[in-house]
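*Asks:* Below is the file upload03.txt, which contains compact mmCIF, C-alpha atoms and all ligand atoms.
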```txt
# COMPACT_ATOMS: atom_id res chain seq x y z
CA MET A 1 0.00 0.00 0.00
CA LYS A 2 1.27 3.47 -0.83
CA LYS A 3 2.16 5.51 2.22
CA LEU A 4 -0.03 8.51 2.85
CA GLN A 5 1.93 11.68 2.11
CA LEU A 6 3.01 13.80 5.05
CA HIS A 7 0.80 16.77 4.27
CA TRP A 8 -2.27 14.50 4.20
CA GLN A 9 -1.20 12.87 7.44
CA ILE A 10 -0.91 16.33 8.97
CA LEU A 11 -4.29 17.43 7.70
CA ILE A 12 -5.89 14.31 9.18
CA ALA A 13 -4.03 14.81 12.48
CA LEU A 14 -5.17 18.40 12.55
CA PHE A 15 -8.78 17.39 12.07
CA LEU A 16 -8.56 14.63 14.69
CA GLY A 17 -6.84 17.02 17.10
CA VAL A 18 -9.69 19.52 16.75
CA ILE A 19 -12.28 16.78 17.32
CA TYR A 20 -10.40 15.45 20.35
CA GLY A 21 -9.98 18.91 21.86
CA LEU A 22 -13.63 19.71 21.30
CA PHE A 23 -15.15 16.51 22.63
CA PHE A 24 -12.64 15.34 25.24
CA PRO A 25 -11.17 18.52 26.74
CA ASP A 26 -10.66 16.79 30.10
CA TYR A 27 -8.53 14.10 28.53
CA VAL A 28 -6.25 16.46 26.61
CA LYS A 29 -3.64 16.18 29.36
CA TYR A 30 -3.04 12.59 28.30
CA ILE A 31 -2.01 13.52 24.78
CA ALA A 32 -0.68 17.09 25.11
CA TRP A 33 2.81 15.69 25.74
CA MET A 34 3.03 14.69 22.09
CA GLY A 35 2.98 18.31 21.03
CA ASP A 36 5.39 19.21 23.81
CA ILE A 37 7.95 16.60 22.85
CA PHE A 38 7.66 17.54 19.22
CA LEU A 39 8.31 21.24 19.86
CA ARG A 40 11.18 20.38 22.21
CA ALA A 41 12.75 18.13 19.61
CA LEU A 42 12.50 20.86 16.98
CA ARG A 43 14.17 23.31 19.33
CA MET A 44 16.83 20.73 20.14
CA VAL A 45 18.11 20.73 16.56
CA ILE A 46 18.08 24.50 16.00
CA VAL A 47 21.62 25.38 17.08
CA PRO A 48 23.58 22.49 15.51
CA LEU A 49 21.46 22.65 12.36
CA ILE A 50 22.04 26.35 11.75
CA LEU A 51 25.68 26.15 12.68
CA SER A 52 26.49 23.27 10.35
CA SER A 53 24.26 24.54 7.53
CA ILE A 54 25.88 27.96 7.41
CA ILE A 55 29.45 26.86 8.00
CA SER A 56 29.30 24.20 5.31
CA GLY A 57 27.45 26.57 2.92
CA VAL A 58 30.02 29.35 3.30
CA ALA A 59 33.02 26.98 3.29
CA ASN A 60 31.86 25.35 0.08
CA ILE A 61 31.83 28.66 -1.77
CA GLY A 62 35.61 28.63 -1.42
CA THR A 63 35.90 25.74 -3.81
CA ALA A 64 34.10 27.52 -6.65
CA GLU A 65 35.88 29.39 -9.43
CA ASN A 66 35.68 33.14 -9.73
CA LEU A 67 34.62 33.26 -6.13
CA GLY A 68 34.97 37.01 -5.79
CA ARG A 69 32.91 38.48 -8.59
CA LEU A 70 30.40 35.67 -8.90
CA GLY A 71 30.07 35.48 -5.15
CA LEU A 72 29.38 39.17 -4.85
CA LYS A 73 26.76 39.17 -7.59
CA THR A 74 25.09 36.08 -6.23
CA MET A 75 24.98 37.35 -2.69
CA SER A 76 23.65 40.73 -3.82
CA TYR A 77 20.87 39.04 -5.76
CA TYR A 78 19.97 36.89 -2.74
CA LEU A 79 19.90 39.81 -0.34
CA VAL A 80 17.92 42.08 -2.65
CA THR A 81 15.24 39.53 -3.56
CA SER A 82 14.86 38.27 0.00
CA THR A 83 14.47 41.83 1.25
CA ILE A 84 11.85 42.61 -1.40
CA ALA A 85 10.04 39.43 -0.33
CA ILE A 86 10.11 40.36 3.35
CA LEU A 87 8.83 43.88 2.65
CA THR A 88 6.00 42.41 0.56
CA GLY A 89 5.07 40.20 3.51
CA LEU A 90 5.35 43.11 5.93
CA PHE A 91 2.99 45.16 3.78
CA PHE A 92 0.29 42.50 3.56
CA VAL A 93 0.41 41.40 7.19
CA ASN A 94 0.00 45.03 8.28
CA LEU A 95 -2.78 45.50 5.74
CA PHE A 96 -4.87 42.46 6.67
CA GLN A 97 -3.85 42.12 10.34
CA PRO A 98 -4.79 38.43 10.43
CA GLY A 99 -3.79 37.93 14.08
CA VAL A 100 -5.73 40.80 15.60
CA GLY A 101 -8.56 39.62 17.81
CA THR A 102 -7.39 36.02 18.13
CA ASP A 103 -8.59 34.70 21.46
CA LEU A 104 -5.77 32.52 22.67
CA GLY A 105 -6.69 32.27 26.30
CA LEU A 106 -2.93 32.53 26.76
CA VAL A 107 -2.45 36.22 27.31
CA GLN A 108 -1.49 35.91 30.95
CA GLU A 109 1.41 33.65 30.06
CA VAL A 110 2.89 36.45 28.00
CA GLU A 111 3.02 38.85 30.91
CA GLY A 112 6.36 39.06 32.57
CA LEU A 113 8.22 37.85 29.53
CA GLY A 114 8.66 41.42 28.41
CA ILE A 115 9.42 42.75 25.01
CA ALA A 116 13.03 43.47 24.08
CA LYS A 117 13.74 46.86 25.54
CA GLU A 118 17.16 47.24 24.01
CA SER A 119 17.78 49.84 21.39
CA PHE A 120 18.34 48.74 17.83
CA GLY A 121 21.99 49.76 18.04
CA GLN A 122 22.54 47.66 21.14
CA THR A 123 20.84 44.69 19.49
CA LEU A 124 23.20 45.03 16.54
CA LEU A 125 26.15 45.28 18.89
CA ASN A 126 25.05 42.14 20.69
CA ILE A 127 25.37 40.18 17.45
CA VAL A 128 29.07 39.94 18.25
CA PRO A 129 29.07 37.49 21.15
CA LEU A 130 31.21 37.91 24.24
CA ASN A 131 31.43 34.18 24.60
CA ILE A 132 30.41 31.94 21.73
CA PHE A 133 29.68 29.00 24.00
CA ASP A 134 27.30 31.12 25.99
CA ALA A 135 25.63 32.10 22.71
CA PHE A 136 25.26 28.40 21.80
CA SER A 137 23.83 27.37 25.14
CA SER A 138 21.43 30.26 25.47
CA GLY A 139 20.41 30.07 21.81
CA LYS A 140 21.44 33.59 20.76
CA MET A 141 20.73 33.01 17.12
CA LEU A 142 22.09 36.19 15.60
CA SER A 143 25.41 35.67 17.34
CA ILE A 144 25.48 32.04 16.28
CA ILE A 145 24.80 32.95 12.64
CA PHE A 146 27.43 35.68 12.77
CA PHE A 147 30.00 33.28 14.18
CA ALA A 148 29.10 30.59 11.65
CA ILE A 149 29.59 32.95 8.70
CA ILE A 150 32.98 34.11 10.04
CA PHE A 151 34.02 30.54 10.77
CA GLY A 152 32.96 29.30 7.31
CA TYR A 153 34.75 32.19 5.65
CA PHE A 154 38.02 31.54 7.45
CA ILE A 155 37.85 27.85 6.61
CA THR A 156 38.17 28.96 2.98
CA ARG A 157 41.20 31.05 3.97
CA SER A 158 43.01 28.22 5.80
CA GLY A 159 45.75 25.94 4.51
CA ARG A 160 44.84 23.16 2.11
CA SER A 161 44.71 20.29 4.55
CA SER A 162 42.83 22.16 7.32
CA ARG A 163 40.44 23.51 4.74
CA LYS A 164 39.61 20.08 3.43
CA THR A 165 39.27 18.53 6.88
CA MET A 166 37.02 21.28 8.17
CA THR A 167 34.87 21.49 5.04
CA ASP A 168 34.37 17.71 4.99
CA PHE A 169 33.66 17.70 8.70
CA PHE A 170 30.99 20.40 8.56
CA ASN A 171 29.43 18.94 5.42
CA ALA A 172 29.14 15.67 7.30
CA VAL A 173 27.71 17.27 10.44
CA PHE A 174 25.18 19.11 8.32
CA GLU A 175 24.14 15.88 6.63
CA VAL A 176 23.61 14.19 9.97
CA MET A 177 21.66 17.18 11.33
CA MET A 178 19.43 17.13 8.26
CA LYS A 179 18.76 13.43 8.86
CA ILE A 180 17.84 14.07 12.50
CA THR A 181 15.58 16.95 11.49
CA MET A 182 13.87 14.82 8.84
CA PHE A 183 13.37 12.14 11.45
CA ILE A 184 11.71 14.61 13.83
CA ILE A 185 9.56 15.94 11.02
CA ARG A 186 8.13 12.46 10.48
CA PHE A 187 6.43 12.88 13.85
CA THR A 188 4.72 16.11 12.83
CA PRO A 189 1.26 14.47 12.61
CA LEU A 190 1.52 13.36 16.25
CA GLY A 191 2.83 16.78 17.29
CA VAL A 192 0.05 18.53 15.40
CA PHE A 193 -2.52 16.24 16.98
CA GLY A 194 -1.31 17.03 20.51
CA ILE A 195 -0.95 20.74 19.90
CA MET A 196 -4.29 21.15 18.13
CA ALA A 197 -6.16 19.21 20.81
CA LEU A 198 -4.57 21.40 23.48
CA GLN A 199 -5.21 24.64 21.58
CA VAL A 200 -8.82 23.75 20.88
CA SER A 201 -9.53 22.65 24.44
CA LYS A 202 -8.07 25.94 25.72
CA SER A 203 -9.54 28.25 23.15
CA PRO A 204 -13.14 29.21 23.75
CA ASP A 205 -13.47 30.68 20.28
CA ILE A 206 -12.89 27.95 17.71
CA ILE A 207 -14.67 29.70 14.88
CA GLY A 208 -12.78 32.92 15.55
CA LEU A 209 -9.49 31.03 15.61
CA ALA A 210 -10.32 29.27 12.35
CA LYS A 211 -11.17 32.63 10.81
CA ASN A 212 -7.87 34.09 11.96
CA MET A 213 -5.92 31.10 10.67
CA GLY A 214 -7.74 31.33 7.34
CA LEU A 215 -6.88 34.99 7.01
CA TYR A 216 -3.30 34.26 8.06
CA MET A 217 -2.94 31.62 5.34
CA PHE A 218 -4.52 33.93 2.81
CA THR A 219 -2.08 36.70 3.74
CA VAL A 220 0.97 34.44 3.37
CA ILE A 221 -0.19 32.94 0.08
CA LEU A 222 -1.20 36.29 -1.44
CA ALA A 223 2.13 37.90 -0.50
CA LEU A 224 4.03 34.90 -1.90
CA ALA A 225 1.99 35.12 -5.10
CA VAL A 226 2.84 38.81 -5.53
CA HIS A 227 6.53 38.03 -5.13
CA PHE A 228 6.33 35.00 -7.43
CA ILE A 229 4.19 36.50 -10.16
CA ILE A 230 5.27 40.15 -10.11
CA SER A 231 8.57 40.94 -8.36
CA LEU A 232 10.77 38.06 -9.54
CA PRO A 233 9.50 38.08 -13.17
CA LEU A 234 10.12 41.85 -13.32
CA LEU A 235 13.72 41.35 -12.18
CA THR A 236 14.17 38.51 -14.67
CA LYS A 237 12.81 40.64 -17.47
CA PHE A 238 14.50 43.96 -16.78
CA ILE A 239 17.79 42.92 -15.19
CA GLY A 240 18.27 39.50 -16.78
CA LYS A 241 16.61 40.46 -20.09
CA VAL A 242 15.01 37.04 -20.23
CA ASN A 243 11.35 36.43 -20.93
CA PRO A 244 10.03 35.26 -17.52
CA LEU A 245 7.24 33.19 -19.04
CA LYS A 246 9.70 31.19 -21.10
CA HIS A 247 11.88 30.76 -18.06
CA PHE A 248 8.88 29.65 -16.04
CA ARG A 249 8.15 27.02 -18.63
CA ALA A 250 11.74 25.81 -18.46
CA VAL A 251 11.58 25.20 -14.73
CA THR A 252 8.03 23.89 -14.25
CA ALA A 253 9.18 20.43 -13.21
CA PRO A 254 11.42 21.64 -10.36
CA LEU A 255 8.71 24.05 -9.24
CA LEU A 256 6.13 21.28 -9.00
CA THR A 257 8.66 19.08 -7.23
CA ALA A 258 9.44 21.87 -4.78
CA PHE A 259 5.73 22.34 -4.15
CA SER A 260 5.10 18.68 -3.45
CA THR A 261 8.28 17.83 -1.53
CA SER A 262 8.58 21.14 0.37
CA SER A 263 12.33 20.81 0.12
CA SER A 264 14.65 23.03 -1.90
CA SER A 265 17.49 20.59 -1.26
CA ALA A 266 15.57 17.60 -2.54
CA THR A 267 14.58 19.62 -5.61
CA LEU A 268 18.13 20.82 -6.31
CA PRO A 269 19.13 18.14 -8.85
CA LEU A 270 15.99 18.87 -10.87
CA THR A 271 16.54 22.62 -10.66
CA MET A 272 20.12 22.25 -11.91
CA GLN A 273 19.09 19.99 -14.74
CA ALA A 274 16.23 22.26 -15.85
CA VAL A 275 18.22 25.50 -15.65
CA GLU A 276 21.11 23.94 -17.58
CA GLU A 277 19.16 22.05 -20.20
CA ASN A 278 16.03 24.12 -20.72
CA ASP A 279 17.34 27.61 -19.99
CA GLY A 280 20.82 26.86 -21.34
CA VAL A 281 22.77 28.27 -18.39
CA SER A 282 26.36 26.96 -18.15
CA ASN A 283 27.31 24.39 -15.55
CA LYS A 284 29.85 26.82 -14.14
CA ILE A 285 27.06 29.19 -13.09
CA THR A 286 24.51 26.59 -12.00
CA SER A 287 26.97 24.58 -9.91
CA PHE A 288 27.89 27.71 -7.99
CA THR A 289 24.60 29.58 -7.67
CA LEU A 290 22.00 26.84 -7.30
CA PRO A 291 23.43 24.76 -4.42
CA LEU A 292 24.21 27.98 -2.58
CA GLY A 293 20.74 29.28 -3.38
CA ALA A 294 19.07 26.10 -2.13
CA THR A 295 20.82 26.62 1.20
CA ILE A 296 20.68 30.35 1.76
CA ASN A 297 18.41 32.04 -0.76
CA MET A 298 14.89 31.56 0.51
CA ASP A 299 12.62 34.40 -0.50
CA GLY A 300 9.46 32.48 0.33
CA THR A 301 10.78 31.49 3.74
CA ALA A 302 11.96 35.03 4.48
CA LEU A 303 8.53 36.43 3.63
CA TYR A 304 6.86 33.75 5.68
CA GLU A 305 9.07 34.35 8.73
CA CYS A 306 8.10 38.00 8.74
CA VAL A 307 4.36 37.41 8.32
CA ALA A 308 4.30 34.61 10.89
CA ALA A 309 6.21 36.58 13.54
CA ILE A 310 3.95 39.61 13.16
CA PHE A 311 0.87 37.37 13.13
CA ILE A 312 2.00 35.90 16.47
CA ALA A 313 2.60 39.37 17.88
CA GLN A 314 -0.88 40.43 16.75
CA ALA A 315 -2.43 37.29 18.24
CA TYR A 316 -0.77 37.97 21.59
CA GLY A 317 -1.91 41.57 21.44
CA VAL A 318 1.65 42.90 21.32
CA GLU A 319 2.07 46.27 19.63
CA LEU A 320 5.32 46.23 17.71
CA SER A 321 7.28 49.44 17.51
CA PHE A 322 8.89 50.56 14.28
CA VAL A 323 12.28 49.43 15.57
CA GLN A 324 10.89 46.00 16.40
CA GLN A 325 9.41 45.69 12.92
CA ILE A 326 12.79 46.57 11.44
CA LEU A 327 14.34 43.99 13.75
CA ILE A 328 11.85 41.43 12.42
CA VAL A 329 12.82 42.31 8.83
CA VAL A 330 16.52 41.88 9.60
CA THR A 331 16.12 38.68 11.60
CA ALA A 332 13.74 37.25 8.97
CA LEU A 333 16.54 37.72 6.47
CA PHE A 334 19.03 35.94 8.75
CA ALA A 335 16.51 33.24 9.56
CA SER A 336 15.89 32.53 5.89
CA ILE A 337 19.63 32.31 5.30
CA GLY A 338 19.96 29.94 8.24
CA ALA A 339 16.99 27.74 7.33
CA ALA A 340 17.91 24.41 5.77
CA GLY A 341 16.26 23.44 2.48
CA ILE A 342 14.10 20.79 4.07
CA PRO A 343 10.40 20.61 4.96
CA MET A 344 9.36 22.87 7.82
CA ALA A 345 12.82 24.30 8.41
CA GLY A 346 11.17 27.71 8.31
CA LEU A 347 9.02 26.79 11.27
CA VAL A 348 12.09 25.95 13.33
CA MET A 349 13.57 29.32 12.46
CA ILE A 350 10.58 31.33 13.65
CA SER A 351 11.94 31.00 17.16
CA VAL A 352 14.97 33.04 16.08
CA ILE A 353 12.74 36.00 15.39
CA LEU A 354 10.48 35.47 18.38
CA THR A 355 13.53 35.43 20.64
CA ALA A 356 15.04 38.49 18.99
CA VAL A 357 11.95 40.64 19.57
CA GLY A 358 11.00 39.03 22.87
CA LEU A 359 7.80 37.33 21.77
CA PRO A 360 6.67 34.12 23.50
CA LEU A 361 8.12 30.99 21.93
CA GLU A 362 4.81 29.20 22.52
CA GLY A 363 3.51 31.29 19.62
CA VAL A 364 5.07 28.66 17.35
CA GLY A 365 2.30 26.32 18.51
CA LEU A 366 -0.22 28.65 16.95
CA ILE A 367 1.12 28.50 13.42
CA LEU A 368 2.31 24.91 13.50
CA ALA A 369 -0.89 23.36 12.25
CA VAL A 370 -0.94 25.17 8.94
CA ASP A 371 2.83 25.37 8.49
CA ARG A 372 3.19 22.32 6.29
CA ILE A 373 0.63 23.60 3.80
CA LEU A 374 2.25 27.03 3.62
CA ASP A 375 5.63 25.31 3.31
CA MET A 376 4.62 24.03 -0.14
CA PHE A 377 3.99 27.56 -1.40
CA ARG A 378 7.09 29.08 0.15
CA THR A 379 9.39 26.30 -1.07
CA ALA A 380 8.16 26.76 -4.65
CA THR A 381 8.89 30.49 -4.26
CA ASN A 382 12.37 29.68 -2.90
CA VAL A 383 13.22 27.50 -5.89
CA TRP A 384 11.71 29.99 -8.35
CA SER A 385 13.93 32.72 -6.95
CA ASP A 386 17.04 30.47 -7.15
CA SER A 387 16.32 29.69 -10.78
CA CYS A 388 15.64 33.35 -11.72
CA GLY A 389 18.91 34.23 -9.98
CA ALA A 390 20.89 31.68 -11.99
CA VAL A 391 19.49 33.05 -15.25
CA ILE A 392 20.09 36.69 -14.30
CA ILE A 393 23.67 35.99 -13.19
CA ALA A 394 24.41 33.93 -16.30
CA LYS A 395 23.21 36.83 -18.47
CA SER A 396 25.30 39.30 -16.50
CA GLU A 397 28.34 37.09 -17.20
CA GLY A 398 27.62 37.44 -20.91
CA GLU A 399 26.16 34.00 -21.54
CA ILE A 400 23.81 33.48 -24.46
CA LEU A 401 20.94 31.35 -23.25
CA LYS A 402 18.66 28.88 -24.92
CA VAL A 403 15.59 30.72 -23.61
CA ASP A 404 16.79 33.82 -25.46
CA ASN A 405 16.61 32.09 -28.79
CA GLU A 406 13.42 30.26 -28.32
CA LYS A 407 11.05 31.86 -30.80
CA ARG A 408 7.88 30.12 -29.73
CA GLY A 409 5.60 32.06 -27.45
CA PHE A 410 4.62 30.88 -24.01
CA LYS A 411 2.70 27.64 -23.81
CA PHE A 412 1.39 26.10 -20.67
CA PRO A 413 3.16 22.88 -19.75
CA LYS A 414 1.48 19.67 -20.86
CA PHE A 415 0.02 18.77 -17.49
CA PHE A 416 -2.35 21.72 -17.49
N1 LIG A 501 10.89 23.97 3.12
C1 LIG A 501 11.62 25.14 2.75
C2 LIG A 501 12.63 24.82 1.69
O1 LIG A 501 13.11 23.71 1.61
C3 LIG A 501 12.27 25.78 3.91
C4 LIG A 501 11.21 26.27 4.84
O2 LIG A 501 10.74 25.49 5.68
O3 LIG A 501 10.78 27.41 4.73
O4 LIG A 501 12.97 25.64 0.91
```
Would you mind writing the structure in this file as structure tokens?
Ligand code: ASP
*Replies:*
Amino acid sequence: MKKLQLHWQILIALFLGVIYGLFFPDYVKYIAWMGDIFLRALRMVIVPLILSSIISGVANIGTAENLGRLGLKTMSYYLVTSTIAILTGLFFVNLFQPGVGTDLGLVQEVEGLGIAKESFGQTLLNIVPLNIFDAFSSGKMLSIIFFAIIFGYFITRSGRSSRKTMTDFFNAVFEVMMKITMFIIRFTPLGVFGIMALQVSKSPDIIGLAKNMGLYMFTVILALAVHFIISLPLLTKFIGKVNPLKHFRAVTAPLLTAFSTSSSSATLPLTMQAVEENDGVSNKITSFTLPLGATINMDGTALYECVAAIFIAQAYGVELSFVQQILIVVTALFASIGAAGIPMAGLVMISVILTAVGLPLEGVGLILAVDRILDMFRTATNVWSDSCGAVIIAKSEGEILKVDNEKRGFKFPKFF
């Protein structure tokens, strides 16, 4: 028998969790631990996952040719598109305010936690840790990411034998961490079941919550659509001088794979093949930009991080100051860079932002149930941005592409 796909399992668990919470609220204590363990396990992997993902990503750049110029162009593209994505998310979440009025029954737990009172300047200063081991053990994500980038960079500057040992080591650690994370993710249906049952049994306003979650999903998907359909195609057309519709057609298979697997990393071989063979980008460009992109360029994730964090703040009735919103934009960018290209990595990273602005970590429980569905949309956006980037960079390096020469107009792929 074919195994039921994870997103179906999650949807079923979600439904069962709601039923359980509604009809057996007194028995929720017997199953709530499932959600607890699941969230704890996710938090357990955060530090080693980010550390190994970034160090190995940065160290591997060192092995590519033309590191300097290509690296600079690639990084600029990643930063610019991710920032545009985050600002798009920021706009829509402020416009629709999906979290406002959510009755969580949790407000008292927020009290006493306090919102980060530090100035923006101090927060930036704190990125440089006094003691890196303290940063690891207390989960200071910005410091950890900062250290990882520096560490990865200086691996590329070390002698040949140290460089190889360290790069191999961190690649291996990253692989193991990905495996552990994938293992934890297999238990998502159980976690969702426990968390939903608990949420529903606590929340007196099921319909209101469902309405808020619906609006939240709509906000994320609409903002992603704007980035996917408008922003990235405009960049492809005006900076890359490539017809975005033709490029879309070239990469339909990886996009569908990204959508259904929710993993940029799993999709990577297909993306490389499509961009090389259908777009006609050289292997030199694809082998540098696409693996790097699958690890650190996540426009969809960046946008999602921003919307989700502000949604949680709205749900907890926390007014965010301008500085805090800026802090969310900056940390969303870091979080998307740090997120691994695997299903639900973005969910793990939300805690980075929540910690940075002093929002309750329990807020993750609120968005968990619909995360896997939104993951499909954001992963497709991530891969779309990687592929547009490869084409734009190839053109800027003077390559003549196959998509340039294709005379035929846009046709929808055969499956439609
Ligand atoms: N699933 C996403 C990806 O692989 C990462 C995320 O969870 O946002 O690109």
*Asks:* What lies within 7 Å of stretch 243-248 of chain A using all atoms listed in the file, ignoring chain neighbours under 4 positions off, as a PyMOL selection string?
*Replies:* chain A and resi 233+236-237+252+279+403+410
*Asks:* Any chance you can output those residues with C-alpha atoms as a PDB file, in the frame of the given file?
*Replies:*
```pdb
ATOM      1  CA  PRO A 233       9.500  38.080 -13.170  1.00  0.00           C
ATOM      2  CA  THR A 236      14.170  38.510 -14.670  1.00  0.00           C
ATOM      3  CA  LYS A 237      12.810  40.640 -17.470  1.00  0.00           C
ATOM      4  CA  THR A 252       8.030  23.890 -14.250  1.00  0.00           C
ATOM      5  CA  ASP A 279      17.340  27.610 -19.990  1.00  0.00           C
ATOM      6  CA  VAL A 403      15.590  30.720 -23.610  1.00  0.00           C
ATOM      7  CA  PHE A 410       4.620  30.880 -24.010  1.00  0.00           C
TER       8      PHE A 410
END
```
*Asks:* Using only C-alpha atoms, which residues sit within 9 Å of A:Met217 once same-chain residues fewer than 2 positions away are excluded, as an MDAnalysis selection string?
*Replies:* chainID A and resid 98 212:215 219:222 370 373:374
*Asks:* Counting only C-alpha atoms and all ligand atoms, which of A:Gly240, A:Gly101, A:Gly191, A:Pro343 gets nearest to ligand LIG 501 (chain A)?
*Replies:*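 The answer is A:Pro343, which sits nearest to ligand LIG 501 (chain A).
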*Asks:* Step by step, measure atom-to-atom distances between ligand LIG 501 (chain A) and each residue using only C-alpha atoms and all ligand atoms, keep those at most 10 Å, then write them as a ChimeraX atom specification.
*Replies:* /A:258-259,261-268,293-305,335-350,371-372,374-383
*Asks:* Could those selected residues go to a file with C-alpha atoms, as a PDB file, keeping the file's coordinate frame?
*Replies:*
```pdb
ATOM      1  CA  ALA A 258       9.440  21.870  -4.780  1.00  0.00           C
ATOM      2  CA  PHE A 259       5.730  22.340  -4.150  1.00  0.00           C
ATOM      3  CA  THR A 261       8.280  17.830  -1.530  1.00  0.00           C
ATOM      4  CA  SER A 262       8.580  21.140   0.370  1.00  0.00           C
ATOM      5  CA  SER A 263      12.330  20.810   0.120  1.00  0.00           C
ATOM      6  CA  SER A 264      14.650  23.030  -1.900  1.00  0.00           C
ATOM      7  CA  SER A 265      17.490  20.590  -1.260  1.00  0.00           C
ATOM      8  CA  ALA A 266      15.570  17.600  -2.540  1.00  0.00           C
ATOM      9  CA  THR A 267      14.580  19.620  -5.610  1.00  0.00           C
ATOM     10  CA  LEU A 268      18.130  20.820  -6.310  1.00  0.00           C
ATOM     11  CA  GLY A 293      20.740  29.280  -3.380  1.00  0.00           C
ATOM     12  CA  ALA A 294      19.070  26.100  -2.130  1.00  0.00           C
ATOM     13  CA  THR A 295      20.820  26.620   1.200  1.00  0.00           C
ATOM     14  CA  ILE A 296      20.680  30.350   1.760  1.00  0.00           C
ATOM     15  CA  ASN A 297      18.410  32.040  -0.760  1.00  0.00           C
ATOM     16  CA  MET A 298      14.890  31.560   0.510  1.00  0.00           C
ATOM     17  CA  ASP A 299      12.620  34.400  -0.500  1.00  0.00           C
ATOM     18  CA  GLY A 300       9.460  32.480   0.330  1.00  0.00           C
ATOM     19  CA  THR A 301      10.780  31.490   3.740  1.00  0.00           C
ATOM     20  CA  ALA A 302      11.960  35.030   4.480  1.00  0.00           C
ATOM     21  CA  LEU A 303       8.530  36.430   3.630  1.00  0.00           C
ATOM     22  CA  TYR A 304       6.860  33.750   5.680  1.00  0.00           C
ATOM     23  CA  GLU A 305       9.070  34.350   8.730  1.00  0.00           C
ATOM     24  CA  ALA A 335      16.510  33.240   9.560  1.00  0.00           C
ATOM     25  CA  SER A 336      15.890  32.530   5.890  1.00  0.00           C
ATOM     26  CA  ILE A 337      19.630  32.310   5.300  1.00  0.00           C
ATOM     27  CA  GLY A 338      19.960  29.940   8.240  1.00  0.00           C
ATOM     28  CA  ALA A 339      16.990  27.740   7.330  1.00  0.00           C
ATOM     29  CA  ALA A 340      17.910  24.410   5.770  1.00  0.00           C
ATOM     30  CA  GLY A 341      16.260  23.440   2.480  1.00  0.00           C
ATOM     31  CA  ILE A 342      14.100  20.790   4.070  1.00  0.00           C
ATOM     32  CA  PRO A 343      10.400  20.610   4.960  1.00  0.00           C
ATOM     33  CA  MET A 344       9.360  22.870   7.820  1.00  0.00           C
ATOM     34  CA  ALA A 345      12.820  24.300   8.410  1.00  0.00           C
ATOM     35  CA  GLY A 346      11.170  27.710   8.310  1.00  0.00           C
ATOM     36  CA  LEU A 347       9.020  26.790  11.270  1.00  0.00           C
ATOM     37  CA  VAL A 348      12.090  25.950  13.330  1.00  0.00           C
ATOM     38  CA  MET A 349      13.570  29.320  12.460  1.00  0.00           C
ATOM     39  CA  ILE A 350      10.580  31.330  13.650  1.00  0.00           C
ATOM     40  CA  ASP A 371       2.830  25.370   8.490  1.00  0.00           C
ATOM     41  CA  ARG A 372       3.190  22.320   6.290  1.00  0.00           C
ATOM     42  CA  LEU A 374       2.250  27.030   3.620  1.00  0.00           C
ATOM     43  CA  ASP A 375       5.630  25.310   3.310  1.00  0.00           C
ATOM     44  CA  MET A 376       4.620  24.030  -0.140  1.00  0.00           C
ATOM     45  CA  PHE A 377       3.990  27.560  -1.400  1.00  0.00           C
ATOM     46  CA  ARG A 378       7.090  29.080   0.150  1.00  0.00           C
ATOM     47  CA  THR A 379       9.390  26.300  -1.070  1.00  0.00           C
ATOM     48  CA  ALA A 380       8.160  26.760  -4.650  1.00  0.00           C
ATOM     49  CA  THR A 381       8.890  30.490  -4.260  1.00  0.00           C
ATOM     50  CA  ASN A 382      12.370  29.680  -2.900  1.00  0.00           C
ATOM     51  CA  VAL A 383      13.220  27.500  -5.890  1.00  0.00           C
TER      52      VAL A 383
END
```
*Asks:* Report, in Å to a single decimal, how far apart atom CA of A:Val100 and atom CA of A:Val330 are.
*Replies:* 23.1 Å
*Asks:* For each of A:Lys164, A:Arg40, A:Lys241, A:His227, take the minimum atom-to-atom distance to A:Ser82, counting all atoms listed in the file, then give the residue where this is smallest.
*Replies:*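 The shortest atom-to-atom distance to A:Ser82 comes from A:His227.
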*Asks:* Name the closest residue to A:Ala210 among the candidates A:Met75, A:Ile12, A:Leu401, A:Ile367; distances are taken between atoms, counting all atoms listed in the file.
*Replies:* A:Ile367
*Asks:* Considering all atoms listed in the file, can you say which of A:Glu175, A:Asp36, A:Asp26, A:Glu276 comes closest to A:Ala394?
*Replies:*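 Of A:Glu175, A:Asp36, A:Asp26, A:Glu276, the one nearest A:Ala394, counting all atoms listed in the file, is A:Glu276.
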*Asks:* Using all atoms listed in the file, pick whichever of A:Leu11, A:Ile393, A:Ile37, A:Ile184 has the shortest atom-to-atom distance to A:Ile239.
*Replies:*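 Among A:Leu11, A:Ile393, A:Ile37, A:Ile184, it is A:Ile393 that comes nearest to A:Ile239.
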*Asks:* Set the distance at 8 Å and use only C-alpha atoms: which residues neighbour A:Val18 once local chain neighbours fewer than 2 positions away are removed? I'd like the list as a list of chain:residue names.
*Replies:*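 Result of the neighbour search: A:Leu14, A:Phe15, A:Leu16, A:Tyr20, A:Gly21, A:Leu22, A:Phe193, A:Met196, A:Ala197, A:Val200.
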*Asks:* To one decimal in Å, tell me the separation between atom CA of A:Ser321 and atom CA of A:Leu130.
*Replies:* 27.4 Å
*Asks:* Could you check the closest approach to A:Arg186 for each of A:Phe24, A:Phe38, A:Tyr153, A:Phe174 and tell me which residue wins, using all atoms listed in the file?
*Replies:* A:Phe38
*Asks:* Using only C-alpha atoms, list the residues that have an atom at most 12 Å from (-0.5, 41.6, 0.0), coordinates as in the file, as a ChimeraX atom specification.
*Replies:* /A:85-98,215-227,230,303,307
